[in-house]
$ cat target_8.txt   # compact mmCIF, N, CA and C atoms
# COMPACT_ATOMS: atom_id res chain seq x y z
N MET A 152 -20.42 -59.98 54.87
CA MET A 152 -21.51 -59.01 54.85
C MET A 152 -22.00 -58.88 53.41
N SER A 153 -23.28 -58.86 53.25
CA SER A 153 -23.84 -58.73 51.92
C SER A 153 -24.29 -57.29 51.68
N ILE A 154 -24.65 -57.04 50.45
CA ILE A 154 -25.15 -55.73 50.06
C ILE A 154 -26.66 -55.74 50.24
N PRO A 155 -27.23 -54.76 50.96
CA PRO A 155 -28.69 -54.74 51.16
C PRO A 155 -29.44 -54.71 49.83
N LYS A 156 -30.59 -55.32 49.80
CA LYS A 156 -31.40 -55.38 48.57
C LYS A 156 -31.81 -54.00 48.08
N HIS A 157 -31.98 -53.04 48.99
CA HIS A 157 -32.40 -51.70 48.59
C HIS A 157 -31.24 -50.81 48.15
N ALA A 158 -30.01 -51.32 48.18
CA ALA A 158 -28.84 -50.53 47.76
C ALA A 158 -28.91 -50.28 46.25
N LYS A 159 -28.40 -49.14 45.84
CA LYS A 159 -28.38 -48.76 44.43
C LYS A 159 -26.94 -48.84 43.90
N LYS A 160 -26.79 -49.42 42.71
CA LYS A 160 -25.47 -49.43 42.06
C LYS A 160 -25.21 -48.03 41.53
N VAL A 161 -24.11 -47.40 41.99
CA VAL A 161 -23.81 -46.03 41.58
C VAL A 161 -22.61 -45.96 40.63
N PHE A 162 -21.88 -47.08 40.49
CA PHE A 162 -20.74 -47.10 39.57
C PHE A 162 -20.45 -48.54 39.18
N GLN A 163 -20.14 -48.74 37.89
CA GLN A 163 -19.73 -50.05 37.39
C GLN A 163 -18.38 -49.90 36.72
N GLY A 164 -17.35 -50.45 37.33
CA GLY A 164 -16.03 -50.44 36.73
C GLY A 164 -15.73 -51.78 36.10
N LYS A 165 -14.50 -51.99 35.67
CA LYS A 165 -14.10 -53.28 35.10
C LYS A 165 -13.98 -54.36 36.17
N ILE A 166 -13.57 -53.98 37.38
CA ILE A 166 -13.35 -54.95 38.45
C ILE A 166 -14.37 -54.78 39.57
N PHE A 167 -14.72 -53.55 39.90
CA PHE A 167 -15.60 -53.29 41.04
C PHE A 167 -16.92 -52.65 40.62
N SER A 168 -17.98 -53.01 41.35
CA SER A 168 -19.26 -52.31 41.30
C SER A 168 -19.42 -51.63 42.65
N VAL A 169 -19.88 -50.38 42.66
CA VAL A 169 -20.05 -49.63 43.91
C VAL A 169 -21.54 -49.47 44.19
N TYR A 170 -21.94 -49.88 45.40
CA TYR A 170 -23.32 -49.77 45.84
C TYR A 170 -23.41 -48.81 47.02
N GLN A 171 -24.50 -48.02 47.07
CA GLN A 171 -24.74 -47.10 48.19
C GLN A 171 -26.18 -47.26 48.67
N TRP A 172 -26.38 -46.97 49.96
CA TRP A 172 -27.72 -46.97 50.53
C TRP A 172 -27.75 -46.06 51.74
N GLN A 173 -28.95 -45.59 52.05
CA GLN A 173 -29.17 -44.77 53.24
C GLN A 173 -29.52 -45.70 54.39
N GLN A 174 -28.94 -45.42 55.53
CA GLN A 174 -29.22 -46.24 56.71
C GLN A 174 -29.52 -45.32 57.89
N LYS A 175 -30.59 -45.66 58.60
CA LYS A 175 -30.99 -44.86 59.76
C LYS A 175 -30.06 -45.15 60.93
N MET A 176 -29.61 -44.09 61.57
CA MET A 176 -28.71 -44.19 62.70
C MET A 176 -29.54 -44.21 63.99
N PHE A 177 -28.89 -44.51 65.11
CA PHE A 177 -29.59 -44.59 66.40
C PHE A 177 -30.21 -43.27 66.83
N ASP A 178 -29.62 -42.15 66.40
CA ASP A 178 -30.16 -40.84 66.79
C ASP A 178 -31.28 -40.36 65.85
N GLY A 179 -31.67 -41.19 64.88
CA GLY A 179 -32.74 -40.84 63.95
C GLY A 179 -32.27 -40.22 62.65
N SER A 180 -31.01 -39.83 62.59
CA SER A 180 -30.47 -39.26 61.35
C SER A 180 -30.16 -40.40 60.36
N TYR A 181 -29.87 -40.03 59.12
CA TYR A 181 -29.51 -41.01 58.09
C TYR A 181 -28.11 -40.73 57.58
N LYS A 182 -27.39 -41.79 57.26
CA LYS A 182 -26.07 -41.68 56.67
C LYS A 182 -26.00 -42.59 55.45
N THR A 183 -25.13 -42.22 54.51
CA THR A 183 -24.92 -43.03 53.32
C THR A 183 -23.84 -44.08 53.61
N PHE A 184 -24.17 -45.33 53.32
CA PHE A 184 -23.21 -46.42 53.46
C PHE A 184 -22.85 -46.91 52.06
N GLU A 185 -21.70 -47.58 51.98
CA GLU A 185 -21.18 -47.98 50.68
C GLU A 185 -20.48 -49.33 50.79
N ARG A 186 -20.61 -50.12 49.75
CA ARG A 186 -19.91 -51.40 49.70
C ARG A 186 -19.55 -51.68 48.24
N LEU A 187 -18.43 -52.36 48.05
CA LEU A 187 -17.97 -52.75 46.71
C LEU A 187 -18.27 -54.22 46.47
N LYS A 188 -18.59 -54.56 45.23
CA LYS A 188 -18.74 -55.95 44.83
C LYS A 188 -17.67 -56.23 43.79
N ARG A 189 -16.98 -57.34 43.96
CA ARG A 189 -15.89 -57.72 43.07
C ARG A 189 -16.19 -59.12 42.54
N GLN A 190 -15.73 -59.39 41.34
CA GLN A 190 -15.90 -60.74 40.81
C GLN A 190 -15.19 -61.73 41.72
N ASP A 191 -15.76 -62.93 41.83
CA ASP A 191 -15.13 -63.96 42.65
C ASP A 191 -13.76 -64.30 42.07
N THR A 192 -12.90 -64.86 42.92
CA THR A 192 -11.51 -65.11 42.58
C THR A 192 -11.13 -66.56 42.86
N VAL A 193 -10.20 -67.08 42.07
CA VAL A 193 -9.63 -68.39 42.34
C VAL A 193 -8.13 -68.21 42.61
N ILE A 194 -7.64 -68.97 43.58
CA ILE A 194 -6.22 -69.01 43.90
C ILE A 194 -5.81 -70.47 43.83
N ILE A 195 -4.75 -70.75 43.08
CA ILE A 195 -4.33 -72.13 42.87
C ILE A 195 -2.97 -72.35 43.54
N ILE A 196 -2.92 -73.33 44.42
CA ILE A 196 -1.65 -73.75 45.01
C ILE A 196 -1.23 -74.97 44.21
N ALA A 197 -0.39 -74.71 43.22
CA ALA A 197 0.03 -75.77 42.29
C ALA A 197 1.33 -76.39 42.80
N THR A 198 1.40 -77.70 42.68
CA THR A 198 2.61 -78.41 43.10
C THR A 198 3.14 -79.26 41.95
N VAL A 199 4.46 -79.39 41.93
CA VAL A 199 5.15 -80.31 41.02
C VAL A 199 6.06 -81.14 41.91
N LYS A 200 5.74 -82.42 42.03
CA LYS A 200 6.40 -83.33 42.97
C LYS A 200 6.25 -82.75 44.37
N ASP A 201 7.35 -82.38 45.02
CA ASP A 201 7.26 -81.86 46.39
C ASP A 201 7.52 -80.35 46.46
N ARG A 202 7.29 -79.67 45.35
CA ARG A 202 7.53 -78.23 45.31
C ARG A 202 6.27 -77.45 44.95
N ILE A 203 6.14 -76.26 45.53
CA ILE A 203 5.02 -75.38 45.24
C ILE A 203 5.43 -74.42 44.13
N VAL A 204 4.55 -74.22 43.16
CA VAL A 204 4.81 -73.33 42.03
C VAL A 204 4.51 -71.90 42.46
N LEU A 205 5.50 -71.02 42.32
CA LEU A 205 5.34 -69.59 42.58
C LEU A 205 5.63 -68.82 41.31
N LEU A 206 4.97 -67.70 41.14
CA LEU A 206 5.20 -66.82 40.01
C LEU A 206 5.87 -65.55 40.50
N LYS A 207 6.74 -65.01 39.68
CA LYS A 207 7.34 -63.71 39.97
C LYS A 207 6.77 -62.75 38.94
N GLN A 208 6.12 -61.69 39.43
CA GLN A 208 5.50 -60.77 38.49
C GLN A 208 5.54 -59.34 39.01
N MET A 209 5.24 -58.43 38.09
CA MET A 209 5.13 -57.02 38.43
C MET A 209 3.86 -56.51 37.77
N GLN A 210 3.02 -55.85 38.53
CA GLN A 210 1.81 -55.22 38.01
C GLN A 210 2.08 -53.72 37.90
N PRO A 211 1.30 -53.02 37.09
CA PRO A 211 1.52 -51.56 36.99
C PRO A 211 1.49 -50.90 38.37
N GLY A 212 2.50 -50.12 38.66
CA GLY A 212 2.56 -49.39 39.93
C GLY A 212 3.09 -50.21 41.10
N THR A 213 3.62 -51.43 40.85
CA THR A 213 4.15 -52.24 41.94
C THR A 213 5.60 -52.62 41.66
N GLN A 214 6.24 -53.12 42.67
CA GLN A 214 7.56 -53.73 42.53
C GLN A 214 7.37 -55.20 42.18
N TRP A 215 8.43 -55.91 41.87
CA TRP A 215 8.35 -57.35 41.64
C TRP A 215 7.86 -58.03 42.91
N PHE A 216 7.02 -59.05 42.76
CA PHE A 216 6.54 -59.81 43.90
C PHE A 216 6.28 -61.25 43.49
N TYR A 217 6.22 -62.13 44.49
CA TYR A 217 5.94 -63.54 44.27
C TYR A 217 4.49 -63.83 44.64
N CYS A 218 3.85 -64.72 43.89
CA CYS A 218 2.48 -65.09 44.17
C CYS A 218 2.19 -66.48 43.60
N THR A 219 1.04 -67.00 43.91
CA THR A 219 0.60 -68.24 43.29
C THR A 219 -0.30 -67.89 42.11
N PRO A 220 -0.51 -68.80 41.17
CA PRO A 220 -1.43 -68.51 40.07
C PRO A 220 -2.82 -68.19 40.62
N SER A 221 -3.44 -67.17 40.06
CA SER A 221 -4.76 -66.76 40.55
C SER A 221 -5.41 -65.84 39.53
N GLY A 222 -6.68 -65.58 39.73
CA GLY A 222 -7.36 -64.65 38.85
C GLY A 222 -8.84 -64.55 39.14
N ARG A 223 -9.47 -63.59 38.48
CA ARG A 223 -10.89 -63.36 38.64
C ARG A 223 -11.70 -64.34 37.80
N MET A 224 -12.88 -64.63 38.27
CA MET A 224 -13.83 -65.44 37.50
C MET A 224 -14.58 -64.49 36.58
N ASP A 225 -13.94 -64.13 35.46
CA ASP A 225 -14.48 -63.11 34.58
C ASP A 225 -15.10 -63.65 33.29
N VAL A 226 -15.26 -64.96 33.21
CA VAL A 226 -15.95 -65.56 32.07
C VAL A 226 -17.39 -65.82 32.50
N PRO A 227 -18.38 -65.22 31.83
CA PRO A 227 -19.77 -65.39 32.25
C PRO A 227 -20.17 -66.87 32.38
N GLY A 228 -20.78 -67.21 33.53
CA GLY A 228 -21.27 -68.56 33.78
C GLY A 228 -20.20 -69.58 34.14
N GLU A 229 -18.95 -69.16 34.25
CA GLU A 229 -17.84 -70.07 34.53
C GLU A 229 -17.91 -70.58 35.97
N LYS A 230 -17.72 -71.87 36.16
CA LYS A 230 -17.67 -72.48 37.49
C LYS A 230 -16.28 -72.25 38.08
N PRO A 231 -16.17 -72.24 39.42
CA PRO A 231 -14.87 -72.00 40.06
C PRO A 231 -13.77 -72.96 39.60
N ILE A 232 -14.07 -74.25 39.48
CA ILE A 232 -13.02 -75.20 39.09
C ILE A 232 -12.55 -74.96 37.66
N ALA A 233 -13.48 -74.56 36.77
CA ALA A 233 -13.10 -74.24 35.39
C ALA A 233 -12.21 -73.00 35.37
N ALA A 234 -12.53 -72.01 36.21
CA ALA A 234 -11.70 -70.81 36.30
C ALA A 234 -10.31 -71.14 36.82
N ALA A 235 -10.24 -72.04 37.81
CA ALA A 235 -8.93 -72.44 38.36
C ALA A 235 -8.08 -73.13 37.28
N LYS A 236 -8.68 -74.02 36.53
CA LYS A 236 -7.94 -74.70 35.45
C LYS A 236 -7.50 -73.71 34.38
N ARG A 237 -8.38 -72.78 34.03
CA ARG A 237 -8.05 -71.76 33.02
C ARG A 237 -6.92 -70.86 33.49
N GLU A 238 -7.01 -70.38 34.73
CA GLU A 238 -5.96 -69.49 35.25
C GLU A 238 -4.61 -70.21 35.36
N LEU A 239 -4.64 -71.47 35.79
CA LEU A 239 -3.39 -72.24 35.88
C LEU A 239 -2.74 -72.36 34.50
N LEU A 240 -3.54 -72.66 33.49
CA LEU A 240 -3.02 -72.77 32.13
C LEU A 240 -2.53 -71.42 31.61
N GLU A 241 -3.32 -70.36 31.81
CA GLU A 241 -2.95 -69.02 31.33
C GLU A 241 -1.65 -68.53 31.96
N GLU A 242 -1.48 -68.77 33.25
CA GLU A 242 -0.35 -68.17 33.96
C GLU A 242 0.89 -69.04 34.03
N THR A 243 0.74 -70.35 33.80
CA THR A 243 1.91 -71.24 33.93
C THR A 243 2.10 -72.17 32.74
N CYS A 244 1.13 -72.25 31.83
CA CYS A 244 1.13 -73.23 30.73
C CYS A 244 1.08 -74.66 31.26
N MET A 245 0.58 -74.83 32.49
CA MET A 245 0.48 -76.16 33.11
C MET A 245 -0.98 -76.62 33.13
N VAL A 246 -1.16 -77.94 33.00
CA VAL A 246 -2.47 -78.56 33.13
C VAL A 246 -2.39 -79.48 34.34
N ALA A 247 -3.32 -79.34 35.27
CA ALA A 247 -3.29 -80.12 36.50
C ALA A 247 -3.70 -81.57 36.23
N GLY A 248 -2.93 -82.51 36.78
CA GLY A 248 -3.33 -83.92 36.74
C GLY A 248 -4.51 -84.13 37.68
N LYS A 249 -4.44 -83.52 38.85
CA LYS A 249 -5.52 -83.55 39.84
C LYS A 249 -5.70 -82.14 40.36
N ILE A 250 -6.95 -81.77 40.62
CA ILE A 250 -7.23 -80.46 41.20
C ILE A 250 -8.47 -80.59 42.08
N PHE A 251 -8.40 -80.01 43.29
CA PHE A 251 -9.55 -80.08 44.18
C PHE A 251 -9.68 -78.81 45.00
N LEU A 252 -10.92 -78.50 45.37
CA LEU A 252 -11.21 -77.33 46.20
C LEU A 252 -10.72 -77.61 47.61
N TRP A 253 -9.85 -76.73 48.11
CA TRP A 253 -9.33 -76.87 49.46
C TRP A 253 -10.15 -76.03 50.43
N LYS A 254 -10.48 -74.80 50.02
CA LYS A 254 -11.12 -73.87 50.94
C LYS A 254 -11.89 -72.82 50.15
N LYS A 255 -13.01 -72.40 50.71
CA LYS A 255 -13.81 -71.30 50.15
C LYS A 255 -13.89 -70.24 51.23
N GLN A 256 -13.54 -69.02 50.89
CA GLN A 256 -13.50 -67.96 51.89
C GLN A 256 -14.31 -66.76 51.40
N ILE A 257 -15.12 -66.20 52.29
CA ILE A 257 -15.86 -64.98 52.01
C ILE A 257 -15.34 -63.92 52.97
N PRO A 258 -14.39 -63.08 52.51
CA PRO A 258 -13.81 -62.08 53.40
C PRO A 258 -14.86 -61.10 53.92
N GLN A 259 -14.68 -60.63 55.13
CA GLN A 259 -15.56 -59.64 55.74
C GLN A 259 -14.97 -58.26 55.49
N GLY A 260 -15.81 -57.30 55.28
CA GLY A 260 -15.32 -55.94 55.09
C GLY A 260 -16.13 -55.21 54.05
N LYS A 261 -15.55 -54.22 53.45
CA LYS A 261 -16.24 -53.34 52.51
C LYS A 261 -16.32 -53.92 51.09
N VAL A 262 -15.57 -54.99 50.81
CA VAL A 262 -15.58 -55.60 49.48
C VAL A 262 -16.23 -56.98 49.58
N THR A 263 -17.29 -57.19 48.78
CA THR A 263 -18.01 -58.45 48.78
C THR A 263 -17.52 -59.32 47.63
N SER A 264 -17.04 -60.51 47.93
CA SER A 264 -16.64 -61.48 46.91
C SER A 264 -16.38 -62.82 47.61
N THR A 265 -16.16 -63.84 46.81
CA THR A 265 -15.80 -65.15 47.33
C THR A 265 -14.46 -65.54 46.72
N ILE A 266 -13.59 -66.14 47.54
CA ILE A 266 -12.29 -66.62 47.08
C ILE A 266 -12.28 -68.13 47.20
N TYR A 267 -11.95 -68.80 46.10
CA TYR A 267 -11.87 -70.27 46.07
C TYR A 267 -10.40 -70.67 45.98
N PHE A 268 -9.95 -71.49 46.92
CA PHE A 268 -8.57 -71.97 46.94
C PHE A 268 -8.54 -73.41 46.43
N TYR A 269 -7.71 -73.66 45.44
CA TYR A 269 -7.57 -75.01 44.87
C TYR A 269 -6.15 -75.51 45.05
N ILE A 270 -6.03 -76.82 45.23
CA ILE A 270 -4.74 -77.51 45.23
C ILE A 270 -4.66 -78.27 43.92
N ALA A 271 -3.56 -78.10 43.22
CA ALA A 271 -3.39 -78.78 41.91
C ALA A 271 -2.04 -79.47 41.87
$ encode --input "target_8.txt" --output "structure tokens"
Amino acid sequence: MSIPKHAKKVFQGKIFSVYQWQQKMFDGSYKTFERLKRQDTVIIIATVKDRIVLLKQMQPGTQWFYCTPSGRMDVPGEKPIAAAKRELLEETCMVAGKIFLWKKQIPQGKVTSTIYFYIA
């Protein structure tokens, strides 16, 4: 789902932008709708020989958890593959011999963004 062109940005945070708009309901009344926009994200499934690389990390307010290297596309004008290579290097100190786009996903819901999955 996209954000309507007539929606107004009501908040700009570091990660999310909040948009609101009035929408006419079936009974003729109007209600305020809201959607968030987030920077696109890359997720890298990195392999070394026959093993998948996992990271163990803790973010503020969480317990330890396992994940794959990933991150936001927060460099202006950066292409998804460049972001994937950068995130892999930043989070693992690894440089991929080969890297390719496996899947592109646009989740449905209140948050608008695109997720790019790479195999490295």
$ residues_around --input "target_8.txt" --residues "stretch 154-161 of chain A" --least-positions-apart "5" --cutoff "6 Å" --atoms "all atoms listed in the file" --output "ChimeraX atom specification"
/A:169-172
$ residues_around --input "target_8.txt" --residues "stretch 177-194 of chain A" --least-positions-apart "5" --cutoff "7 Å" --atoms "only C-alpha atoms" --output "number ranges by chain"
A: 154, 166-172, 219-225, 231, 234-235, 261-269
$ write_last_selection --input "target_8.txt" --atoms "N, CA and C atoms" --output "short mmCIF file (atom, residue, chain, number, x, y, z; two decimals), in the frame of the given file"
data_model
loop_
_atom_site.label_atom_id
_atom_site.label_comp_id
_atom_site.auth_asym_id
_atom_site.auth_seq_id
_atom_site.Cartn_x
_atom_site.Cartn_y
_atom_site.Cartn_z
N ILE A 154 -24.65 -57.04 50.45
CA ILE A 154 -25.15 -55.73 50.06
C ILE A 154 -26.66 -55.74 50.24
N ILE A 166 -13.57 -53.98 37.38
CA ILE A 166 -13.35 -54.95 38.45
C ILE A 166 -14.37 -54.78 39.57
N PHE A 167 -14.72 -53.55 39.90
CA PHE A 167 -15.60 -53.29 41.04
C PHE A 167 -16.92 -52.65 40.62
N SER A 168 -17.98 -53.01 41.35
CA SER A 168 -19.26 -52.31 41.30
C SER A 168 -19.42 -51.63 42.65
N VAL A 169 -19.88 -50.38 42.66
CA VAL A 169 -20.05 -49.63 43.91
C VAL A 169 -21.54 -49.47 44.19
N TYR A 170 -21.94 -49.88 45.40
CA TYR A 170 -23.32 -49.77 45.84
C TYR A 170 -23.41 -48.81 47.02
N GLN A 171 -24.50 -48.02 47.07
CA GLN A 171 -24.74 -47.10 48.19
C GLN A 171 -26.18 -47.26 48.67
N TRP A 172 -26.38 -46.97 49.96
CA TRP A 172 -27.72 -46.97 50.53
C TRP A 172 -27.75 -46.06 51.74
N THR A 219 1.04 -67.00 43.91
CA THR A 219 0.60 -68.24 43.29
C THR A 219 -0.30 -67.89 42.11
N PRO A 220 -0.51 -68.80 41.17
CA PRO A 220 -1.43 -68.51 40.07
C PRO A 220 -2.82 -68.19 40.62
N SER A 221 -3.44 -67.17 40.06
CA SER A 221 -4.76 -66.76 40.55
C SER A 221 -5.41 -65.84 39.53
N GLY A 222 -6.68 -65.58 39.73
CA GLY A 222 -7.36 -64.65 38.85
C GLY A 222 -8.84 -64.55 39.14
N ARG A 223 -9.47 -63.59 38.48
CA ARG A 223 -10.89 -63.36 38.64
C ARG A 223 -11.70 -64.34 37.80
N MET A 224 -12.88 -64.63 38.27
CA MET A 224 -13.83 -65.44 37.50
C MET A 224 -14.58 -64.49 36.58
N ASP A 225 -13.94 -64.13 35.46
CA ASP A 225 -14.48 -63.11 34.58
C ASP A 225 -15.10 -63.65 33.29
N PRO A 231 -16.17 -72.24 39.42
CA PRO A 231 -14.87 -72.00 40.06
C PRO A 231 -13.77 -72.96 39.60
N ALA A 234 -12.53 -72.01 36.21
CA ALA A 234 -11.70 -70.81 36.30
C ALA A 234 -10.31 -71.14 36.82
N ALA A 235 -10.24 -72.04 37.81
CA ALA A 235 -8.93 -72.44 38.36
C ALA A 235 -8.08 -73.13 37.28
N LYS A 261 -15.55 -54.22 53.45
CA LYS A 261 -16.24 -53.34 52.51
C LYS A 261 -16.32 -53.92 51.09
N VAL A 262 -15.57 -54.99 50.81
CA VAL A 262 -15.58 -55.60 49.48
C VAL A 262 -16.23 -56.98 49.58
N THR A 263 -17.29 -57.19 48.78
CA THR A 263 -18.01 -58.45 48.78
C THR A 263 -17.52 -59.32 47.63
N SER A 264 -17.04 -60.51 47.93
CA SER A 264 -16.64 -61.48 46.91
C SER A 264 -16.38 -62.82 47.61
N THR A 265 -16.16 -63.84 46.81
CA THR A 265 -15.80 -65.15 47.33
C THR A 265 -14.46 -65.54 46.72
N ILE A 266 -13.59 -66.14 47.54
CA ILE A 266 -12.29 -66.62 47.08
C ILE A 266 -12.28 -68.13 47.20
N TYR A 267 -11.95 -68.80 46.10
CA TYR A 267 -11.87 -70.27 46.07
C TYR A 267 -10.40 -70.67 45.98
N PHE A 268 -9.95 -71.49 46.92
CA PHE A 268 -8.57 -71.97 46.94
C PHE A 268 -8.54 -73.41 46.43
N TYR A 269 -7.71 -73.66 45.44
CA TYR A 269 -7.57 -75.01 44.87
C TYR A 269 -6.15 -75.51 45.05
#
$ select_by_dssp --input "target_8.txt" --residues "stretch 204-266 of chain A" --states "strand (DSSP E or B)" --output "list of chain:residue names"
A:Leu206, A:Lys207, A:Gln208, A:Phe216, A:Tyr217, A:Cys218, A:Ser221, A:Gly222, A:Arg223, A:Phe251, A:Leu252, A:Trp253, A:Lys254, A:Lys255, A:Gln256, A:Val262, A:Thr263, A:Ile266
$ select_by_dssp --input "target_8.txt" --residues "stretch 162-237 of chain A" --states "helix (DSSP H, G or I)" --output "list in words"
Pro231, Ile232, Ala233, Ala234, Ala235, Lys236 and Arg237 of chain A
$ residues_around --input "target_8.txt" --residues "A:Ala271" --least-positions-apart "6" --cutoff "7 Å" --atoms "only N, CA and C atoms" --output "ChimeraX atom specification"
/A:195-199,247-251
$ write_last_selection --input "target_8.txt" --atoms "N, CA and C atoms" --output "PDB file, in the coordinates of the input"
ATOM      1  N   ILE A 195      -4.750 -70.750  43.080  1.00  0.00           N
ATOM      2  CA  ILE A 195      -4.330 -72.130  42.870  1.00  0.00           C
ATOM      3  C   ILE A 195      -2.970 -72.350  43.540  1.00  0.00           C
ATOM      4  N   ILE A 196      -2.920 -73.330  44.420  1.00  0.00           N
ATOM      5  CA  ILE A 196      -1.650 -73.750  45.010  1.00  0.00           C
ATOM      6  C   ILE A 196      -1.230 -74.970  44.210  1.00  0.00           C
ATOM      7  N   ALA A 197      -0.390 -74.710  43.220  1.00  0.00           N
ATOM      8  CA  ALA A 197       0.030 -75.770  42.290  1.00  0.00           C
ATOM      9  C   ALA A 197       1.330 -76.390  42.800  1.00  0.00           C
ATOM     10  N   THR A 198       1.400 -77.700  42.680  1.00  0.00           N
ATOM     11  CA  THR A 198       2.610 -78.410  43.100  1.00  0.00           C
ATOM     12  C   THR A 198       3.140 -79.260  41.950  1.00  0.00           C
ATOM     13  N   VAL A 199       4.460 -79.390  41.930  1.00  0.00           N
ATOM     14  CA  VAL A 199       5.150 -80.310  41.020  1.00  0.00           C
ATOM     15  C   VAL A 199       6.060 -81.140  41.910  1.00  0.00           C
ATOM     16  N   ALA A 247      -3.320 -79.340  35.270  1.00  0.00           N
ATOM     17  CA  ALA A 247      -3.290 -80.120  36.500  1.00  0.00           C
ATOM     18  C   ALA A 247      -3.700 -81.570  36.230  1.00  0.00           C
ATOM     19  N   GLY A 248      -2.930 -82.510  36.780  1.00  0.00           N
ATOM     20  CA  GLY A 248      -3.330 -83.920  36.740  1.00  0.00           C
ATOM     21  C   GLY A 248      -4.510 -84.130  37.680  1.00  0.00           C
ATOM     22  N   LYS A 249      -4.440 -83.520  38.850  1.00  0.00           N
ATOM     23  CA  LYS A 249      -5.520 -83.550  39.840  1.00  0.00           C
ATOM     24  C   LYS A 249      -5.700 -82.140  40.360  1.00  0.00           C
ATOM     25  N   ILE A 250      -6.950 -81.770  40.620  1.00  0.00           N
ATOM     26  CA  ILE A 250      -7.230 -80.460  41.200  1.00  0.00           C
ATOM     27  C   ILE A 250      -8.470 -80.590  42.080  1.00  0.00           C
ATOM     28  N   PHE A 251      -8.400 -80.010  43.290  1.00  0.00           N
ATOM     29  CA  PHE A 251      -9.550 -80.080  44.180  1.00  0.00           C
ATOM     30  C   PHE A 251      -9.680 -78.810  45.000  1.00  0.00           C
TER      31      PHE A 251
END
$ closest_residue --input "target_8.txt" --among "A:Lys230, A:Gln259, A:Glu238, A:Val204" --to "A:Cys218" --atoms "all atoms listed in the file"
A:Val204
